[in-house]
Amino acid sequence: MGFSERGGLRLLHCLLLYSACGVGSGQVHYSVTEEAKHGTFVGRIAQDLGLEVGELVSRLFRMVSPDRRDYLEVNVQNGILFVNSRINREELCGRSPVCSIHLEVIVEKPLQVFHVEVEIKDINDNQPVFFVSQKNMFISESSPLDSRFPLEGASDADIGVNAVLTYRLSPNDFFTLDIQNNEEQIKPLGLVLKKLLDREETPELHLLLTATDGGKPELTGTVQLQITVLDVNDNAPKFDKKVYKVRFAENSLNGTVVIKVTASDMDEGANSQITYSFESDAPPNVLSKFAIDPMDGDIRVIGQIDFEESKSYQIQVEATDKGIPKMVGHCTILVEVMDTNDNVPEVSVKSLSLPVPEDTPSGTVIALISVSDRDSGANGQVTCSLSPPGPFTLMSTFRNYYSLVLEGSVDRERVPAYELVVTARDGGSPALWATANVSVAIADVNDNAPAFEQPVYTVFVKENNPPGCHIFTVSASDLDAQENALVSYSLVERRVGERPLSSYVSVHSESGKVYALQPLDHEELELLQFQVSARDAGFPPLGSNVSLQVFVLDENDNAPVVLPPHAGVSPVTELVSQSVPVGHVVAKIRAVDADSGYNAWLSYEQLPEVGVRRSPFRVGLYTGEISTTRALEEADGLRQILLVLVKDHGEPPLSATATLSISVAESGQALKASSGVHRSVASAGKEAMALDVNVYLIIAICSVSSLLVLSLLLYIALRCSAPQQGVCGPGKPTLVCSSEVGSWSYSQQQRQKVCSGEGGAKSDLMAFSPNLPPCSGPADSAEQQAVVQDHSTKVGPRISY
């Protein structure tokens, strides 16, 4: 057959295409011939896998080959699998009867894995090859008819019918070609003598042996047979067996004896002395692995015996005597290599979906894992395990393929990453194993709202603070990461009275610092209650609120104000009889202070006049009542001018003065004057009665408020920690005074939380137990008792009667 015809047939084979032949065991199967040109159609892989061609790009269609070669490729525009580079079946699979390329097709959204097997069909692209181009044979002329001389056959790298060889011998008168078909794996090829040789007539023969394979087109190989006819040495060495069989373990040490062959020669002398050797055309893989001792016939290991490289060896041994001509005996040694567990499993991890979001549903495939072992049988059976225990598991998806699957929930705030170990262990004894580390990072999602340490914060701020004063700092923490943990702060806007909350305070969006935008006035607003919102930057954003109670602490910024009738510049004249008893109340100074607490607690003091003897009048320290301290005398004069100082207990104290003129009259004059002032006295009586009613009302309110305050104090003590103080908070605590009557003190460490609704500013209701200094005179005890009732409440402005 000519080269043109042969080339045409080869091109025809290359253009043969095979379509998908079915899906089995979760696998799509195609076939294509080797040596196919680039672009050769293999199959419509997208259609066969049930995928839409238009979704291949959006679903990140990709194909992975285990050996990282790009023999095949997929056109993502039409979903066609085609040949990308030259495929040589013999390079890829050797003489294996089945040759396939295993592909992994991966698509996402959702993640799917398909296994595709492409079978590589053999074409007749390798001709038969003999190991030598010329074989020299020495045959005695005394060889009897039908003597058989074995020949080494040719080899063909193809498989199947393409590797089935037929032989023919060039025409001659002496030899025919003998081809035997047996199960002993010995050489089936040999020359059979059909006519006796005569060295004198034919000293040499030149024959041509041709091997033809069964492919289309047929390919051939030839070897020249150079036969030299030898003179008579009529007994050739003879082996004990024609065929020796031996089993031998791989990885045996060099020098290990494989087998010892023995041959005998019935001749005598030099004709019976035998040397052993391999045949001259022994294959290279035999010569590189074994050596034979020429004297004793020991065959030893000289190279690395690897079961994975070759499972068996066929060795042709010759026994040659020293006669003239030399006679040769032949035998065949079949060496079967036994597998040992000498190959560690290999693990390959292909990460797909990393990092893993913490809201990933159970059943999601995280990574693909493939294992392999070059050993065979149980030594090559590999199982995989995963450690340590956790929310991940291994699932077998195909032969020697596993998927790393999420089977539980993950929480980045609890475990930010998992360090997994995949262990592949074979079934040998002892077993060998290999490990691969898989680091699975957990990606954050916004599943945690910012959280404050407390639901409510209490802040104390002195009134008259400077505008822009920093009064408190709120802080919220978010367990998430990056932008999901970036917290910003804002006010929850509402109205305080007639004004918006933002006109009173503001909060810095990043630091959480709360500022008072204007001076606060305790007399206008005692409690400002509002909420601050903390919101993260995640999507969707999460947030939480915290309540702030800002108590505006009173400062002594209001001086006492004297109430009429003693509020004028001109002194008010009071008439008193000269015969009034000691302790008689002449008049009463009334004053009010807009402050609260100590700052509104008023005391009265009579200012002495220079150069005037001791006054017969005194002023009640806390009642403001002007009474006589002794009997009035003529020496006291008819007119007394009293200057009364009204002072609060603030720091520093503020004061006001009231001037009172007292006219002393004799008893008769006093009676006459009494008729003139009868109406004023009656009016004063009614006023006193009204005062008594107010006193009782104040006492009742004080009792109720005391119970309320005690309840609030108990509740706060149980729920709240030590109160926090703003930058503009009050100064050091001040102790006013103490006595056996009780205590009236204000401590910064014992503040009261007053909860208010969403309305405007509220007036507080506070109860005090006054602690009064000891005073001389019996009247002071009564005054102290009155002050306890008079100053134990505060409703609106503080008024002292």
# chains A, B, ... in the order shown; residues from 1 in each chain; ligands from 1
>>> closest_atom_pairs(of="stretch 435-534 of chain A", to="stretch 404-427 of chain A", cutoff="6 Å", atoms="only C-alpha atoms", output="Markdown table")
| residue | atom | partner | partner_atom | distance |
| --- | --- | --- | --- | --- |
| A:Thr435 | CA | A:Thr423 | CA | 4.4 |
| A:Ala436 | CA | A:Val422 | CA | 5.2 |
| A:Asn437 | CA | A:Val421 | CA | 4.7 |
| A:Val438 | CA | A:Leu420 | CA | 5.0 |
| A:Ser439 | CA | A:Glu419 | CA | 4.7 |
| A:Val440 | CA | A:Tyr418 | CA | 5.1 |
| A:Ala441 | CA | A:Ala417 | CA | 4.3 |
| A:Ile442 | CA | A:Pro416 | CA | 5.4 |
>>> write_last_selection(atoms="N, CA and C atoms", output="PDB file, in the first residue's frame")
ATOM      1  N   THR A 435      -1.901  13.116  54.086  1.00  0.00           N
ATOM      2  CA  THR A 435      -2.830  14.129  54.591  1.00  0.00           C
ATOM      3  C   THR A 435      -2.724  15.398  53.748  1.00  0.00           C
ATOM      4  N   ALA A 436      -3.814  16.132  53.750  1.00  0.00           N
ATOM      5  CA  ALA A 436      -3.859  17.453  53.105  1.00  0.00           C
ATOM      6  C   ALA A 436      -4.603  18.406  54.032  1.00  0.00           C
ATOM      7  N   ASN A 437      -4.042  19.568  54.221  1.00  0.00           N
ATOM      8  CA  ASN A 437      -4.659  20.576  55.100  1.00  0.00           C
ATOM      9  C   ASN A 437      -5.570  21.481  54.277  1.00  0.00           C
ATOM     10  N   VAL A 438      -6.755  21.688  54.795  1.00  0.00           N
ATOM     11  CA  VAL A 438      -7.740  22.564  54.150  1.00  0.00           C
ATOM     12  C   VAL A 438      -8.118  23.647  55.157  1.00  0.00           C
ATOM     13  N   SER A 439      -7.814  24.888  54.807  1.00  0.00           N
ATOM     14  CA  SER A 439      -8.160  26.019  55.662  1.00  0.00           C
ATOM     15  C   SER A 439      -9.438  26.653  55.131  1.00  0.00           C
ATOM     16  N   VAL A 440     -10.497  26.578  55.941  1.00  0.00           N
ATOM     17  CA  VAL A 440     -11.806  27.114  55.542  1.00  0.00           C
ATOM     18  C   VAL A 440     -12.066  28.374  56.376  1.00  0.00           C
ATOM     19  N   ALA A 441     -11.973  29.517  55.728  1.00  0.00           N
ATOM     20  CA  ALA A 441     -12.256  30.779  56.406  1.00  0.00           C
ATOM     21  C   ALA A 441     -13.757  31.060  56.348  1.00  0.00           C
ATOM     22  N   ILE A 442     -14.280  31.632  57.421  1.00  0.00           N
ATOM     23  CA  ILE A 442     -15.695  31.963  57.509  1.00  0.00           C
ATOM     24  C   ILE A 442     -15.850  33.467  57.262  1.00  0.00           C
TER      25      ILE A 442
END
>>> residues_around(residues="A:Pro203", least_positions_apart="3", cutoff="8 Å", atoms="only C-alpha atoms", output="MDAnalysis selection string")
chainID A and resid 198:200 228:230
>>> residues_around(residues="stretch 569-572 of chain A", least_positions_apart="5", cutoff="6 Å", atoms="only C-alpha atoms", output="JSON list (two decimals) with C-alpha atoms, in the first residue's frame")
[["chain", "number", "residue", "atom", "x", "y", "z"],
["A", 659, "THR", "CA", -36.52, 96.22, 106.82],
["A", 660, "LEU", "CA", -39.20, 96.29, 109.53],
["A", 661, "SER", "CA", -40.24, 99.19, 111.76]]
>>> atom_distance(atom1="atom CA of A:Val664", atom2="atom CA of A:Leu643")
16.8 Å
>>> residues_around(residues="stretch 265-277 of chain A", least_positions_apart="4", cutoff="6 Å", atoms="only C-alpha atoms", output="list in words")
Pro237, Pro294, Met295, Gly297, Val317, Glu318, Ala319, Thr320, Asp321, Lys322 and Gly323 of chain A
>>> write_last_selection(atoms="C-alpha atoms", output="PDB file, in the first residue's frame")
ATOM      1  CA  PRO A 237      22.793 -28.081  25.922  1.00  0.00           C
ATOM      2  CA  PRO A 294      27.484 -17.110  32.957  1.00  0.00           C
ATOM      3  CA  MET A 295      28.916 -19.983  34.996  1.00  0.00           C
ATOM      4  CA  GLY A 297      23.048 -19.729  35.784  1.00  0.00           C
ATOM      5  CA  VAL A 317      18.070 -17.640  28.334  1.00  0.00           C
ATOM      6  CA  GLU A 318      20.637 -19.465  26.198  1.00  0.00           C
ATOM      7  CA  ALA A 319      22.963 -22.251  27.290  1.00  0.00           C
ATOM      8  CA  THR A 320      25.964 -22.465  24.923  1.00  0.00           C
ATOM      9  CA  ASP A 321      28.596 -25.186  24.937  1.00  0.00           C
ATOM     10  CA  LYS A 322      32.224 -24.707  23.964  1.00  0.00           C
ATOM     11  CA  GLY A 323      32.234 -27.160  21.121  1.00  0.00           C
TER      12      GLY A 323
END
>>> select_by_dssp(residues="stretch 19-253 of chain A", states="alpha helix (DSSP H)", output="ChimeraX atom specification")
/A:45-48,89-93
>>> closest_residue(among="A:Leu712, A:Val592, A:Leu111, A:Ile641", to="A:Tyr604", atoms="only C-alpha atoms")
A:Val592
>>> residues_around(residues="A:Val113", least_positions_apart="3", cutoff="9 Å", atoms="only C-alpha atoms", output="VMD selection string")
chain A and resid 104 to 108 368 397
>>> residues_around(residues="A:Met395", least_positions_apart="5", cutoff="12 Å", atoms="only C-alpha atoms", output="MDAnalysis selection string")
chainID A and resid 363:370 383:386 400:407
>>> closest_residue(among="A:Gly255, A:Pro564, A:Pro325, A:Pro217", to="A:Asp298", atoms="only C-alpha atoms")
A:Gly255
>>> atom_distance(atom1="atom CA of A:Pro128", atom2="atom CA of A:Leu209")
11.7 Å
>>> atom_distance(atom1="atom CA of A:Met327", atom2="atom CA of A:Lys241")
17.4 Å
